[in-house]
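As stored in query_5.pdb (PDB, C-alpha atoms, pLDDT in the B column):
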```
MODEL        1
ATOM      1  CA  MET A   7      11.966  37.323 -52.080  1.00 60.00           C
ATOM      2  CA  THR A   8      11.948  40.826 -50.668  1.00 70.00           C
ATOM      3  CA  ALA A   9      12.142  41.530 -46.961  1.00 60.00           C
ATOM      4  CA  ARG A  10       8.514  42.627 -46.980  1.00 58.00           C
ATOM      5  CA  THR A  11       7.399  39.428 -48.735  1.00 60.00           C
ATOM      6  CA  ARG A  12       9.447  37.350 -46.287  1.00 57.00           C
ATOM      7  CA  ILE A  13       7.770  39.049 -43.314  1.00 59.00           C
ATOM      8  CA  ILE A  14       4.338  38.465 -44.793  1.00 57.00           C
ATOM      9  CA  ALA A  15       5.155  34.784 -45.439  1.00 52.00           C
ATOM     10  CA  LEU A  16       6.493  34.258 -41.908  1.00 51.00           C
ATOM     11  CA  THR A  17       3.482  36.030 -40.450  1.00 61.00           C
ATOM     12  CA  ALA A  18       1.160  33.768 -42.436  1.00 57.00           C
ATOM     13  CA  VAL A  19       3.015  30.653 -41.252  1.00 55.00           C
ATOM     14  CA  GLY A  20       2.805  31.901 -37.682  1.00 53.00           C
ATOM     15  CA  LEU A  21      -0.930  32.506 -37.949  1.00 58.00           C
ATOM     16  CA  VAL A  22      -1.459  29.024 -39.385  1.00 54.00           C
ATOM     17  CA  ALA A  23       0.531  27.531 -36.477  1.00 50.00           C
ATOM     18  CA  ILE A  24      -1.515  29.473 -33.925  1.00 58.00           C
ATOM     19  CA  LEU A  25      -4.772  28.413 -35.548  1.00 51.00           C
ATOM     20  CA  ALA A  26      -3.607  24.798 -35.516  1.00 46.00           C
ATOM     21  CA  VAL A  27      -2.877  24.978 -31.795  1.00 49.00           C
ATOM     22  CA  VAL A  28      -6.272  26.542 -31.122  1.00 45.00           C
ATOM     23  CA  TRP A  29      -7.992  23.885 -33.235  1.00 49.00           C
ATOM     24  CA  LEU A  30      -6.193  20.956 -31.620  1.00 46.00           C
ATOM     25  CA  LEU A  31      -5.913  22.077 -28.000  1.00 49.00           C
ATOM     26  CA  VAL A  32      -8.308  24.875 -27.182  1.00 51.00           C
ATOM     27  CA  LEU A  33     -11.493  24.120 -29.115  1.00 46.00           C
ATOM     28  CA  PRO A  34     -11.909  20.559 -27.733  1.00 47.00           C
ATOM     29  CA  ARG A  35     -11.914  22.012 -24.218  1.00 52.00           C
ATOM     30  CA  LEU A  36     -14.675  24.440 -25.145  1.00 56.00           C
ATOM     31  CA  GLN A  37     -16.925  21.731 -26.571  1.00 64.00           C
ATOM     32  CA  PRO A  38     -19.536  20.161 -24.255  1.00 74.00           C
ATOM     33  CA  HIS A  39     -18.663  16.681 -23.008  1.00 82.00           C
ATOM     34  CA  THR A  40     -20.230  13.862 -24.994  1.00 87.00           C
ATOM     35  CA  PHE A  41     -21.366  11.213 -22.531  1.00 87.00           C
ATOM     36  CA  TYR A  42     -20.947   7.548 -23.393  1.00 90.00           C
ATOM     37  CA  GLY A  43     -23.657   6.586 -20.909  1.00 87.00           C
ATOM     38  CA  GLN A  44     -27.309   7.447 -21.461  1.00 90.00           C
ATOM     39  CA  VAL A  45     -28.062  10.829 -19.895  1.00 90.00           C
ATOM     40  CA  ILE A  46     -31.100  10.994 -17.586  1.00 87.00           C
ATOM     41  CA  GLN A  47     -32.907  14.323 -17.880  1.00 82.00           C
ATOM     42  CA  SER A  48     -35.285  13.973 -14.916  1.00 75.00           C
ATOM     43  CA  GLY A  49     -33.728  16.808 -12.934  1.00 75.00           C
ATOM     44  CA  SER A  50     -34.930  15.203  -9.684  1.00 77.00           C
ATOM     45  CA  ARG A  51     -33.009  13.574  -6.857  1.00 87.00           C
ATOM     46  CA  ALA A  52     -32.162   9.893  -7.130  1.00 91.00           C
ATOM     47  CA  PRO A  53     -34.554   7.558  -5.268  1.00 91.00           C
ATOM     48  CA  THR A  54     -33.639   6.907  -1.642  1.00 92.00           C
ATOM     49  CA  VAL A  55     -31.326   4.003  -0.860  1.00 95.00           C
ATOM     50  CA  GLU A  56     -30.728   2.835   2.706  1.00 96.00           C
ATOM     51  CA  LEU A  57     -29.402  -0.677   3.312  1.00 97.00           C
ATOM     52  CA  ASP A  58     -26.889  -2.593   5.437  1.00 98.00           C
ATOM     53  CA  GLY A  59     -23.254  -1.920   4.607  1.00 97.00           C
ATOM     54  CA  PRO A  60     -19.851  -2.894   6.020  1.00 96.00           C
ATOM     55  CA  GLY A  61     -20.056  -4.120   9.589  1.00 95.00           C
ATOM     56  CA  GLY A  62     -23.848  -4.234   9.342  1.00 95.00           C
ATOM     57  CA  GLU A  63     -24.021  -0.450   9.681  1.00 96.00           C
ATOM     58  CA  PRO A  64     -26.793   1.355   7.785  1.00 97.00           C
ATOM     59  CA  VAL A  65     -25.577   3.086   4.643  1.00 97.00           C
ATOM     60  CA  ALA A  66     -27.681   5.626   2.735  1.00 96.00           C
ATOM     61  CA  LEU A  67     -27.145   7.230  -0.635  1.00 94.00           C
ATOM     62  CA  SER A  68     -27.263  10.588   1.123  1.00 92.00           C
ATOM     63  CA  ASP A  69     -24.124   9.607   3.089  1.00 95.00           C
ATOM     64  CA  PHE A  70     -22.102  10.282  -0.061  1.00 95.00           C
ATOM     65  CA  GLU A  71     -23.293  13.832  -0.591  1.00 87.00           C
ATOM     66  CA  ASP A  72     -20.966  15.829  -2.851  1.00 89.00           C
ATOM     67  CA  LYS A  73     -19.537  12.625  -4.330  1.00 96.00           C
ATOM     68  CA  VAL A  74     -20.304  10.936  -7.617  1.00 97.00           C
ATOM     69  CA  VAL A  75     -21.926   7.610  -6.719  1.00 98.00           C
ATOM     70  CA  VAL A  76     -21.653   4.651  -9.083  1.00 98.00           C
ATOM     71  CA  MET A  77     -24.357   2.083  -8.317  1.00 98.00           C
ATOM     72  CA  TYR A  78     -24.444  -1.451  -9.621  1.00 98.00           C
ATOM     73  CA  PHE A  79     -27.026  -4.136  -8.885  1.00 98.00           C
ATOM     74  CA  GLY A  80     -25.376  -7.560  -8.858  1.00 98.00           C
ATOM     75  CA  TYR A  81     -24.429 -10.507  -6.675  1.00 98.00           C
ATOM     76  CA  THR A  82     -21.312 -12.309  -5.505  1.00 97.00           C
ATOM     77  CA  PHE A  83     -22.158 -15.714  -7.027  1.00 95.00           C
ATOM     78  CA  CYS A  84     -22.466 -14.143 -10.492  1.00 95.00           C
ATOM     79  CA  PRO A  85     -20.179 -16.110 -12.835  1.00 92.00           C
ATOM     80  CA  ASP A  86     -19.418 -13.425 -15.416  1.00 94.00           C
ATOM     81  CA  VAL A  87     -21.180 -10.053 -15.755  1.00 97.00           C
ATOM     82  CA  CYS A  88     -20.659  -8.881 -12.157  1.00 97.00           C
ATOM     83  CA  PRO A  89     -16.922  -9.573 -11.824  1.00 98.00           C
ATOM     84  CA  ILE A  90     -16.345  -8.109 -15.293  1.00 97.00           C
ATOM     85  CA  THR A  91     -18.276  -4.949 -14.348  1.00 98.00           C
ATOM     86  CA  LEU A  92     -16.592  -4.433 -10.979  1.00 98.00           C
ATOM     87  CA  ALA A  93     -13.148  -5.017 -12.481  1.00 98.00           C
ATOM     88  CA  LYS A  94     -13.968  -2.424 -15.148  1.00 98.00           C
ATOM     89  CA  LEU A  95     -15.118   0.069 -12.511  1.00 98.00           C
ATOM     90  CA  ALA A  96     -11.934  -0.541 -10.546  1.00 98.00           C
ATOM     91  CA  ARG A  97      -9.782   0.215 -13.590  1.00 98.00           C
ATOM     92  CA  ALA A  98     -11.889   3.254 -14.503  1.00 97.00           C
ATOM     93  CA  THR A  99     -11.687   4.793 -11.024  1.00 97.00           C
ATOM     94  CA  ASP A 100      -7.977   4.005 -10.828  1.00 97.00           C
ATOM     95  CA  ALA A 101      -7.513   5.960 -14.067  1.00 96.00           C
ATOM     96  CA  LEU A 102      -8.977   9.033 -12.347  1.00 96.00           C
ATOM     97  CA  GLY A 103      -5.978   9.377 -10.051  1.00 95.00           C
ATOM     98  CA  ASP A 104      -6.676  11.772  -7.162  1.00 94.00           C
ATOM     99  CA  LYS A 105     -10.178  12.409  -8.547  1.00 94.00           C
ATOM    100  CA  ALA A 106     -11.112   8.868  -7.523  1.00 95.00           C
ATOM    101  CA  ASP A 107     -11.511  10.180  -3.969  1.00 96.00           C
ATOM    102  CA  ASP A 108     -14.665  11.951  -5.176  1.00 97.00           C
ATOM    103  CA  VAL A 109     -16.234   8.751  -6.528  1.00 98.00           C
ATOM    104  CA  GLN A 110     -17.963   6.030  -4.493  1.00 98.00           C
ATOM    105  CA  VAL A 111     -18.737   2.668  -6.080  1.00 98.00           C
ATOM    106  CA  VAL A 112     -21.621   0.777  -4.447  1.00 98.00           C
ATOM    107  CA  MET A 113     -22.886  -2.696  -5.316  1.00 98.00           C
ATOM    108  CA  ILE A 114     -26.420  -3.518  -4.190  1.00 98.00           C
ATOM    109  CA  THR A 115     -27.022  -7.241  -4.054  1.00 98.00           C
ATOM    110  CA  VAL A 116     -29.896  -8.879  -5.888  1.00 98.00           C
ATOM    111  CA  ASP A 117     -29.234 -12.074  -3.931  1.00 97.00           C
ATOM    112  CA  PRO A 118     -29.748 -11.131  -0.268  1.00 96.00           C
ATOM    113  CA  GLN A 119     -30.257 -14.793   0.664  1.00 95.00           C
ATOM    114  CA  ARG A 120     -26.581 -15.597   0.092  1.00 96.00           C
ATOM    115  CA  ASP A 121     -24.944 -12.177   0.102  1.00 97.00           C
ATOM    116  CA  THR A 122     -24.464 -11.381   3.756  1.00 97.00           C
ATOM    117  CA  VAL A 123     -22.725  -8.211   4.890  1.00 97.00           C
ATOM    118  CA  GLU A 124     -19.497 -10.175   5.407  1.00 97.00           C
ATOM    119  CA  VAL A 125     -19.649 -11.904   2.020  1.00 98.00           C
ATOM    120  CA  LEU A 126     -20.288  -8.618   0.232  1.00 98.00           C
ATOM    121  CA  GLU A 127     -17.481  -6.808   2.018  1.00 97.00           C
ATOM    122  CA  GLU A 128     -14.953  -9.496   1.131  1.00 98.00           C
ATOM    123  CA  TYR A 129     -16.153  -9.576  -2.476  1.00 98.00           C
ATOM    124  CA  THR A 130     -16.292  -5.845  -3.240  1.00 98.00           C
ATOM    125  CA  THR A 131     -13.031  -4.913  -1.525  1.00 98.00           C
ATOM    126  CA  ALA A 132     -11.234  -7.598  -3.558  1.00 98.00           C
ATOM    127  CA  PHE A 133     -11.781  -5.322  -6.572  1.00 98.00           C
ATOM    128  CA  ASP A 134     -11.004  -2.077  -4.741  1.00 98.00           C
ATOM    129  CA  PRO A 135     -10.693  -1.371  -0.999  1.00 97.00           C
ATOM    130  CA  THR A 136     -13.073   1.603  -1.325  1.00 97.00           C
ATOM    131  CA  PHE A 137     -15.927  -0.327  -2.969  1.00 98.00           C
ATOM    132  CA  ILE A 138     -18.953  -0.953  -0.763  1.00 98.00           C
ATOM    133  CA  GLY A 139     -21.524  -3.765  -0.878  1.00 98.00           C
ATOM    134  CA  LEU A 140     -25.073  -3.259   0.398  1.00 98.00           C
ATOM    135  CA  THR A 141     -27.723  -5.788   1.359  1.00 98.00           C
ATOM    136  CA  GLY A 142     -31.013  -5.923   3.233  1.00 97.00           C
ATOM    137  CA  VAL A 143     -34.296  -7.771   3.508  1.00 97.00           C
ATOM    138  CA  PRO A 144     -35.740  -8.921   0.151  1.00 96.00           C
ATOM    139  CA  ALA A 145     -38.646  -6.459   0.356  1.00 97.00           C
ATOM    140  CA  ASP A 146     -36.250  -3.514   0.600  1.00 97.00           C
ATOM    141  CA  ILE A 147     -34.096  -4.824  -2.254  1.00 97.00           C
ATOM    142  CA  ASP A 148     -37.224  -5.274  -4.392  1.00 97.00           C
ATOM    143  CA  ARG A 149     -38.424  -1.750  -3.666  1.00 96.00           C
ATOM    144  CA  ILE A 150     -35.098  -0.105  -4.453  1.00 96.00           C
ATOM    145  CA  ALA A 151     -34.524  -2.169  -7.595  1.00 96.00           C
ATOM    146  CA  THR A 152     -38.005  -1.294  -8.845  1.00 96.00           C
ATOM    147  CA  THR A 153     -37.518   2.445  -8.305  1.00 95.00           C
ATOM    148  CA  TYR A 154     -34.318   2.274 -10.377  1.00 95.00           C
ATOM    149  CA  GLY A 155     -35.897   0.173 -13.111  1.00 94.00           C
ATOM    150  CA  VAL A 156     -33.703  -2.813 -12.347  1.00 96.00           C
ATOM    151  CA  TYR A 157     -34.926  -6.318 -13.202  1.00 96.00           C
ATOM    152  CA  TYR A 158     -33.743  -9.479 -11.448  1.00 96.00           C
ATOM    153  CA  GLN A 159     -35.019 -13.027 -11.215  1.00 96.00           C
ATOM    154  CA  ALA A 160     -33.525 -16.125  -9.578  1.00 93.00           C
ATOM    155  CA  ASN A 161     -33.465 -19.242 -11.755  1.00 91.00           C
ATOM    156  CA  ASP A 162     -32.537 -22.867 -11.078  1.00 86.00           C
ATOM    157  CA  SER A 163     -29.179 -23.898 -12.479  1.00 74.00           C
ATOM    158  CA  THR A 164     -26.907 -26.929 -12.686  1.00 73.00           C
ATOM    159  CA  SER A 165     -24.052 -24.638 -11.687  1.00 69.00           C
ATOM    160  CA  ALA A 166     -21.989 -25.569  -8.629  1.00 70.00           C
ATOM    161  CA  ALA A 167     -23.031 -22.212  -7.191  1.00 68.00           C
ATOM    162  CA  GLY A 168     -26.649 -23.358  -7.156  1.00 81.00           C
ATOM    163  CA  TYR A 169     -29.279 -20.997  -8.545  1.00 92.00           C
ATOM    164  CA  LEU A 170     -28.264 -18.040 -10.679  1.00 94.00           C
ATOM    165  CA  VAL A 171     -29.865 -14.605 -10.832  1.00 95.00           C
ATOM    166  CA  ASP A 172     -30.678 -12.921 -14.127  1.00 95.00           C
ATOM    167  CA  HIS A 173     -30.401  -9.160 -13.663  1.00 96.00           C
ATOM    168  CA  THR A 174     -30.008  -5.813 -15.365  1.00 95.00           C
ATOM    169  CA  SER A 175     -26.344  -5.281 -16.196  1.00 96.00           C
ATOM    170  CA  THR A 176     -26.216  -1.492 -16.507  1.00 96.00           C
ATOM    171  CA  VAL A 177     -24.489   0.856 -14.067  1.00 97.00           C
ATOM    172  CA  MET A 178     -26.271   3.884 -12.563  1.00 96.00           C
ATOM    173  CA  VAL A 179     -24.389   7.115 -11.830  1.00 97.00           C
ATOM    174  CA  VAL A 180     -25.634   9.732  -9.356  1.00 96.00           C
ATOM    175  CA  ASP A 181     -23.965  13.130  -9.666  1.00 95.00           C
ATOM    176  CA  ARG A 182     -22.685  15.413  -6.896  1.00 93.00           C
ATOM    177  CA  SER A 183     -26.060  17.102  -6.524  1.00 92.00           C
ATOM    178  CA  GLY A 184     -27.764  13.763  -5.827  1.00 93.00           C
ATOM    179  CA  GLU A 185     -29.464  13.445  -9.217  1.00 94.00           C
ATOM    180  CA  LEU A 186     -29.515  10.220 -11.219  1.00 95.00           C
ATOM    181  CA  LYS A 187     -27.429  11.413 -14.169  1.00 94.00           C
ATOM    182  CA  LEU A 188     -26.296   8.436 -16.250  1.00 95.00           C
ATOM    183  CA  VAL A 189     -27.027   4.822 -17.118  1.00 96.00           C
ATOM    184  CA  ILE A 190     -23.860   3.212 -18.440  1.00 96.00           C
ATOM    185  CA  PRO A 191     -24.244   0.077 -20.599  1.00 96.00           C
ATOM    186  CA  PHE A 192     -22.364  -3.127 -19.917  1.00 96.00           C
ATOM    187  CA  ASP A 193     -20.326  -2.829 -23.112  1.00 95.00           C
ATOM    188  CA  ALA A 194     -18.825   0.582 -22.226  1.00 96.00           C
ATOM    189  CA  THR A 195     -15.023   0.493 -22.121  1.00 96.00           C
ATOM    190  CA  ASP A 196     -12.818   1.402 -19.170  1.00 95.00           C
ATOM    191  CA  GLU A 197     -11.836   4.623 -20.942  1.00 96.00           C
ATOM    192  CA  GLN A 198     -15.439   5.599 -21.650  1.00 96.00           C
ATOM    193  CA  VAL A 199     -16.494   5.029 -18.040  1.00 96.00           C
ATOM    194  CA  ALA A 200     -13.475   6.953 -16.755  1.00 96.00           C
ATOM    195  CA  ALA A 201     -14.206   9.875 -19.112  1.00 95.00           C
ATOM    196  CA  ASP A 202     -17.813  10.182 -17.952  1.00 96.00           C
ATOM    197  CA  LEU A 203     -16.834   9.988 -14.281  1.00 97.00           C
ATOM    198  CA  ALA A 204     -14.004  12.488 -14.707  1.00 96.00           C
ATOM    199  CA  TYR A 205     -16.406  14.982 -16.249  1.00 95.00           C
ATOM    200  CA  LEU A 206     -18.976  14.562 -13.471  1.00 94.00           C
ATOM    201  CA  VAL A 207     -16.302  14.908 -10.791  1.00 94.00           C
ATOM    202  CA  GLY A 208     -15.138  18.128 -12.474  1.00 88.00           C
TER     203      GLY A 208
ENDMDL
END
```
Target format C-alpha cells, applied to this file:
Amino acid sequence: MTARTRIIALTAVGLVAILAVVWLLVLPRLQPHTFYGQVIQSGSRAPTVELDGPGGEPVALSDFEDKVVVMYFGYTFCPDVCPITLAKLARATDALGDKADDVQVVMITVDPQRDTVEVLEEYTTAFDPTFIGLTGVPADIDRIATTYGVYYQANDSTSAAGYLVDHTSTVMVVDRSGELKLVIPFDATDEQVAADLAYLVG
C-alpha cells in the first residue's frame, strides 16, 4: 500500500467514525421528542383549579406558574391504582434530579367525604414530601373533575375500607405556560413518565 493509498484509507476510516458519532449522538438530539403520553393540542390554558391544600390553605393551579404540574385524581382509601400511580410519579420525579424542583405533583381527591386536608397531607407526603393533596366540597370536586374529563363514582363494597370509588386512572400534565399538555396512561413506565416530564421542564 502506497503512502497516498494509506492516507486515503485512514481518511475514509476517520470519516466513517465521525459519521457514526453524528448518527449516534448528535442526530437523536435534533429529533423532536416523542411523547409517551397523549398530547393535547388545545392551545388554551388548563381549567381553573382552586381547592383546600396543606393546612387548609387555598391552593390554585396558578400558584405553580412556571412549573410543570402533574395532576392526578384519586383517593387515599384506593387499594391499588392510586398508590401504584403515586409511587410511579415519585420514582419518575426522583429520576429528574435537580429538575424535579420544577415539577409539582398534585392529587385531587375524588372522595372528599373521607379525605380531609390532614388525611391527604399524610398520604401524599408518604410518597414524596413535595407532593400535595387537594380537597374541597363535593360540588367543587365535581366541577373540576368534569372540566378535566375525569369520571368517578362511589360504589358499595365488602372491603374493610367501606365503599370504593371507581375513577379515571390517567395523569394530567400542565406545562410551564399553564396549558394542559399531556394525558399519561396508567400503564406508562417510570422511565416514560420521567422522559416526558424532563422534556417539558427543558
field: Ref. answer, residues at most 8 Å from (-25.0, 8.8, -22.6) with all atoms listed in the file, as JSON, numbers by chain
entry: {"A": [40, 41, 42, 43, 44, 45, 188, 189, 190]}
Can those selected residues be exported to a file as a compact mmCIF listing (two decimals), in the frame of the given file so that it contains C-alpha atoms?
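Written out: again-v7.txt:
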```txt
# COMPACT_ATOMS: atom_id res chain seq x y z
CA THR A 40 -20.23 13.86 -24.99
CA PHE A 41 -21.37 11.21 -22.53
CA TYR A 42 -20.95 7.55 -23.39
CA GLY A 43 -23.66 6.59 -20.91
CA GLN A 44 -27.31 7.45 -21.46
CA VAL A 45 -28.06 10.83 -19.90
CA LEU A 188 -26.30 8.44 -16.25
CA VAL A 189 -27.03 4.82 -17.12
CA ILE A 190 -23.86 3.21 -18.44
```
message: Can you translate the PyMOL selection byres ((chain A and resi 106) around 10) into the concrete residues it hits in this file, as a PyMOL selection string?
response: chain A and resi 73-74+96+98-105+107-111+136+200+203-204+207
- request: Run through the PyMOL selection byres ((chain A and resi 183) around 8) on the given coordinates and return the selected residues as a list in words.
  value: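 Going through the file, the PyMOL selection byres ((chain A and resi 183) around 8) ends up selecting Arg51, Glu71, Asp72, Val180, Asp181, Arg182, Gly184 and Glu185 of chain A.
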message: What does the structure give for the distance between CA of Leu92 (chain A) and CA of Asp121 (chain A), in Å to one decimal?
response: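 Separating CA of Leu92 (chain A) from CA of Asp121 (chain A) is a distance of 15.9 Å.
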task: Counting all atoms listed in the file, figure out which residue out of A:Tyr78, A:Val87, A:Tyr129, A:Ala145 gets nearest to Ile114 (chain A).
output: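 Ranking A:Tyr78, A:Val87, A:Tyr129, A:Ala145 by distance to Ile114 (chain A), first place goes to A:Tyr78.
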message: If the PyMOL selection byres ((chain A and resi 161) around 6) were run on this exact file, what residues would it hold? Put them as a PyMOL selection string.
response: chain A and resi 160+162+169-171
Write out as a PDB file with C-alpha atoms, in the frame of the given file each polymer residue whose atoms come within 9 Å of Gly155 (chain A), counting all atoms listed in the file; drop sequence neighbours fewer than 4 positions from it.
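Everything below was put into around-v2.pdb:
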```
ATOM      1  CA  ILE A 150     -35.098  -0.105  -4.453  1.00 96.00           C
ATOM      2  CA  ALA A 151     -34.524  -2.169  -7.595  1.00 96.00           C
ATOM      3  CA  THR A 174     -30.008  -5.813 -15.365  1.00 95.00           C
TER       4      THR A 174
END
```
Given the point (-38.9, -6.6, -11.7) in the file's coordinates, find the residues that have an atom at most 12 Å from it, counting all atoms listed in the file, and give them as a compact mmCIF listing (two decimals) with C-alpha atoms, in the coordinates of the input.
```txt
# COMPACT_ATOMS: atom_id res chain seq x y z
CA VAL A 116 -29.90 -8.88 -5.89
CA ILE A 147 -34.10 -4.82 -2.25
CA ASP A 148 -37.22 -5.27 -4.39
CA ARG A 149 -38.42 -1.75 -3.67
CA ILE A 150 -35.10 -0.10 -4.45
CA ALA A 151 -34.52 -2.17 -7.60
CA THR A 152 -38.01 -1.29 -8.85
CA THR A 153 -37.52 2.44 -8.30
CA TYR A 154 -34.32 2.27 -10.38
CA GLY A 155 -35.90 0.17 -13.11
CA VAL A 156 -33.70 -2.81 -12.35
CA TYR A 157 -34.93 -6.32 -13.20
CA TYR A 158 -33.74 -9.48 -11.45
CA GLN A 159 -35.02 -13.03 -11.22
CA ALA A 160 -33.52 -16.12 -9.58
CA ASP A 172 -30.68 -12.92 -14.13
CA HIS A 173 -30.40 -9.16 -13.66
CA THR A 174 -30.01 -5.81 -15.36
```
- prompt: Any idea what the distance is between CA of Thr176 (chain A) and CA of Leu95 (chain A)?
  reply: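 Answer for the CA of Thr176 (chain A) to CA of Leu95 (chain A) separation: 11.9 Å.
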query: Pick the closest to Gln119 (chain A) from A:Ala52, A:Val143, A:Ile138, A:Met77: which is it, counting all atoms listed in the file?
result: A:Val143
- request: Could you tell me which of A:Asp117, A:Asp202, A:Asp146, A:Glu128 comes closest to Val55 (chain A) if we count all atoms listed in the file?
  value: A:Asp146
message: Would you compute the distance between CA of Ala132 (chain A) and CA of Leu206 (chain A)? Give it in Å to one decimal.
response: 25.5 Å
field: For Ile46 (chain A), the nearest of the candidates A:Met113, A:Met178, A:Leu67, A:Ala166, counting all atoms listed in the file
entry: A:Met178
query: Within 12 Å of Arg97 (chain A), counting all atoms listed in the file, which residues qualify if same-chain residues fewer than 6 places away don't, as number ranges by chain?
result: A: 90-91, 103, 106, 111, 133-134, 195-201
Centre and edges of the region 125-136 of chain A box, axis-aligned, 8 Å extra per side, as JSON:
```
{"center_x": -15.5, "center_y": -5.2, "center_z": -2.3, "size_x": 25.6, "size_y": 29.5, "size_z": 24.6}
```
Please return region 50-57 of chain A, rebuilt to all heavy atoms, as a PDB file, in the coordinates of the input.
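part-v1.pdb, freshly written:
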```
ATOM      1  N   SER A  50     -34.491  15.439 -11.069  1.00 77.00           N
ATOM      2  CA  SER A  50     -34.930  15.203  -9.684  1.00 77.00           C
ATOM      3  C   SER A  50     -33.913  14.327  -8.966  1.00 77.00           C
ATOM      4  O   SER A  50     -33.100  13.638  -9.591  1.00 77.00           O
ATOM      5  CB  SER A  50     -36.305  14.532  -9.662  1.00 77.00           C
ATOM      6  OG  SER A  50     -36.283  13.323 -10.388  1.00 77.00           O
ATOM      7  N   ARG A  51     -33.964  14.336  -7.651  1.00 87.00           N
ATOM      8  CA  ARG A  51     -33.009  13.574  -6.857  1.00 87.00           C
ATOM      9  C   ARG A  51     -33.203  12.073  -7.068  1.00 87.00           C
ATOM     10  O   ARG A  51     -34.313  11.601  -7.319  1.00 87.00           O
ATOM     11  CB  ARG A  51     -33.152  13.907  -5.374  1.00 87.00           C
ATOM     12  CG  ARG A  51     -32.721  15.327  -5.035  1.00 87.00           C
ATOM     13  CD  ARG A  51     -32.697  15.568  -3.541  1.00 87.00           C
ATOM     14  NE  ARG A  51     -31.669  14.797  -2.878  1.00 87.00           N
ATOM     15  CZ  ARG A  51     -30.386  15.162  -2.803  1.00 87.00           C
ATOM     16  NH1 ARG A  51     -29.972  16.256  -3.389  1.00 87.00           N
ATOM     17  NH2 ARG A  51     -29.515  14.420  -2.157  1.00 87.00           N
ATOM     18  N   ALA A  52     -32.110  11.343  -6.967  1.00 91.00           N
ATOM     19  CA  ALA A  52     -32.162   9.893  -7.130  1.00 91.00           C
ATOM     20  C   ALA A  52     -33.007   9.284  -6.011  1.00 91.00           C
ATOM     21  O   ALA A  52     -33.013   9.794  -4.882  1.00 91.00           O
ATOM     22  CB  ALA A  52     -30.755   9.319  -7.087  1.00 91.00           C
ATOM     23  N   PRO A  53     -33.748   8.213  -6.300  1.00 91.00           N
ATOM     24  CA  PRO A  53     -34.554   7.558  -5.268  1.00 91.00           C
ATOM     25  C   PRO A  53     -33.711   7.167  -4.055  1.00 91.00           C
ATOM     26  O   PRO A  53     -32.531   6.831  -4.184  1.00 91.00           O
ATOM     27  CB  PRO A  53     -35.104   6.317  -5.981  1.00 91.00           C
ATOM     28  CG  PRO A  53     -35.125   6.702  -7.421  1.00 91.00           C
ATOM     29  CD  PRO A  53     -33.918   7.569  -7.616  1.00 91.00           C
ATOM     30  N   THR A  54     -34.332   7.202  -2.893  1.00 92.00           N
ATOM     31  CA  THR A  54     -33.639   6.907  -1.642  1.00 92.00           C
ATOM     32  C   THR A  54     -33.124   5.472  -1.599  1.00 92.00           C
ATOM     33  O   THR A  54     -33.801   4.542  -2.029  1.00 92.00           O
ATOM     34  CB  THR A  54     -34.588   7.124  -0.450  1.00 92.00           C
ATOM     35  OG1 THR A  54     -35.027   8.478  -0.463  1.00 92.00           O
ATOM     36  CG2 THR A  54     -33.896   6.834   0.871  1.00 92.00           C
ATOM     37  N   VAL A  55     -31.913   5.329  -1.100  1.00 95.00           N
ATOM     38  CA  VAL A  55     -31.326   4.003  -0.860  1.00 95.00           C
ATOM     39  C   VAL A  55     -30.818   3.986   0.564  1.00 95.00           C
ATOM     40  O   VAL A  55     -30.048   4.852   0.969  1.00 95.00           O
ATOM     41  CB  VAL A  55     -30.158   3.706  -1.823  1.00 95.00           C
ATOM     42  CG1 VAL A  55     -29.464   2.413  -1.424  1.00 95.00           C
ATOM     43  CG2 VAL A  55     -30.642   3.630  -3.262  1.00 95.00           C
ATOM     44  N   GLU A  56     -31.249   3.017   1.347  1.00 96.00           N
ATOM     45  CA  GLU A  56     -30.728   2.835   2.706  1.00 96.00           C
ATOM     46  C   GLU A  56     -30.741   1.350   3.018  1.00 96.00           C
ATOM     47  O   GLU A  56     -31.812   0.749   3.153  1.00 96.00           O
ATOM     48  CB  GLU A  56     -31.534   3.606   3.737  1.00 96.00           C
ATOM     49  CG  GLU A  56     -30.893   3.549   5.125  1.00 96.00           C
ATOM     50  CD  GLU A  56     -31.462   4.562   6.103  1.00 96.00           C
ATOM     51  OE1 GLU A  56     -32.265   5.417   5.684  1.00 96.00           O
ATOM     52  OE2 GLU A  56     -31.099   4.494   7.285  1.00 96.00           O
ATOM     53  N   LEU A  57     -29.540   0.760   3.104  1.00 97.00           N
ATOM     54  CA  LEU A  57     -29.402  -0.677   3.312  1.00 97.00           C
ATOM     55  C   LEU A  57     -28.244  -0.935   4.280  1.00 97.00           C
ATOM     56  O   LEU A  57     -27.619  -0.006   4.785  1.00 97.00           O
ATOM     57  CB  LEU A  57     -29.139  -1.377   1.973  1.00 97.00           C
ATOM     58  CG  LEU A  57     -30.300  -1.371   0.964  1.00 97.00           C
ATOM     59  CD1 LEU A  57     -29.805  -1.760  -0.417  1.00 97.00           C
ATOM     60  CD2 LEU A  57     -31.412  -2.302   1.429  1.00 97.00           C
TER      61      LEU A  57
END
```
